[in-house]
Structure formats: C-alpha cells, structure tokens
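Colleague: Have a look at this one.
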Amino acid sequence: AKELHQWQIEEARKLEEAKLAGEAALAIAEMEKAKSKAAIEAAEAARRLAEIEAQKRMNAEMKAKKEAEEKKKVLDALANSEVRYRKYNIQEIEAATEFFSESLKIGEGGYGPVYKATLDHTAVAIKVLRPDAAQGRMQFQQE
C-alpha cells in the first residue's frame, strides 16, 4: 500500500509537471503566434508603402517624360521654323517682370527702363519704350 501510495504521489507530480509544461508550451505558442501576426502586419504595411512609393515614382516618371516630350516638341518646332522669335502678350510680360518691379530693373536705356525676366525658361531683358523717348518707335521695334 505504501508503494502504491508512493507511486500515486509520483504519478500526480508527473501529471502536474506535464500540465505545467503544457501550459508553458501554450503560452510560448501564443507569444510566437502574436510575434508572427505582428511580423505579417509589418510586412503588409511595408508592401503597401512600397506600392505607394512605386506609384509615386511612376507618376513622376510619366510627368518627366511628358515634360521632356513637350520640350522636345517646342525645340523641334523652333528648329524647323523660319521665325526664331515669339511675341508675348502684356500679361505674360507683366508676370515675368512681376509687374515691372523695381527689384528686377537692371538699367535704363535710350528708350526707357530695362528689366530682367525669364520667358519660356530663358533669361531675357525686357525694354520698355517711354512715350517721351528720344529715339523713335520704329528703331525700338527693330531692336
């Protein structure tokens, strides 16, 4: 009876150890499952971010390609035409000179003030004919 009782105590202890080991294994499995879920979510977020960046890059490339094509078309048109100049309207000139801002004034010529500006991505000097200019209007237009 004593041996049987000893054996029963030993089996109960082994059962308790197995139970604790099982609970520990379940806890480790739950932690690994949580880590796995976090890693999957992080990977998904990285994938979405990569897709967004790829889309932005494609859009930027398409925009740059379109701008390059437009620039090439303009340059080809200029190269193939006999006329090597373009006439600008007053709104374009006012915008380029910031409405004839004093900060863009670079000098005073025989006809009137001269302003620096940029038209069609080209640095230009814009001369303004004063009504009381000593030199004539025809000479101004020829220049």
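Note on naming: chains are A, B, ... as they come in the structure tokens, residues start from 1 per chain, ligands start from 1 in the order shown.
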Using DSSP on the backbone coordinates, identify all residues within range 6-143 of chain A classified as strand (DSSP E); present the result as a PyMOL selection string.

Modeller: chain A and resi 105-108+113-119+122-127

Colleague: Quick one: distance from CA of Phe100 in chain A to CA of Leu75 in chain A in Å, one decimal?

Modeller: 28.4 Å

Colleague: Quick one: of A:Ala117, A:Gly110, A:Ala68, A:Glu32, who's nearest to Gly136 in chain A, counting only C-alpha atoms?

Modeller: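 Looking at the shortest contact to Gly136 in chain A, the residue is A:Gly110.
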
Colleague: Once DSSP has gone over the backbone, tell me which residues of range 46-105 of chain A are in alpha helix (DSSP H), as a VMD selection string.

Modeller: chain A and resid 46 to 80 90 to 96
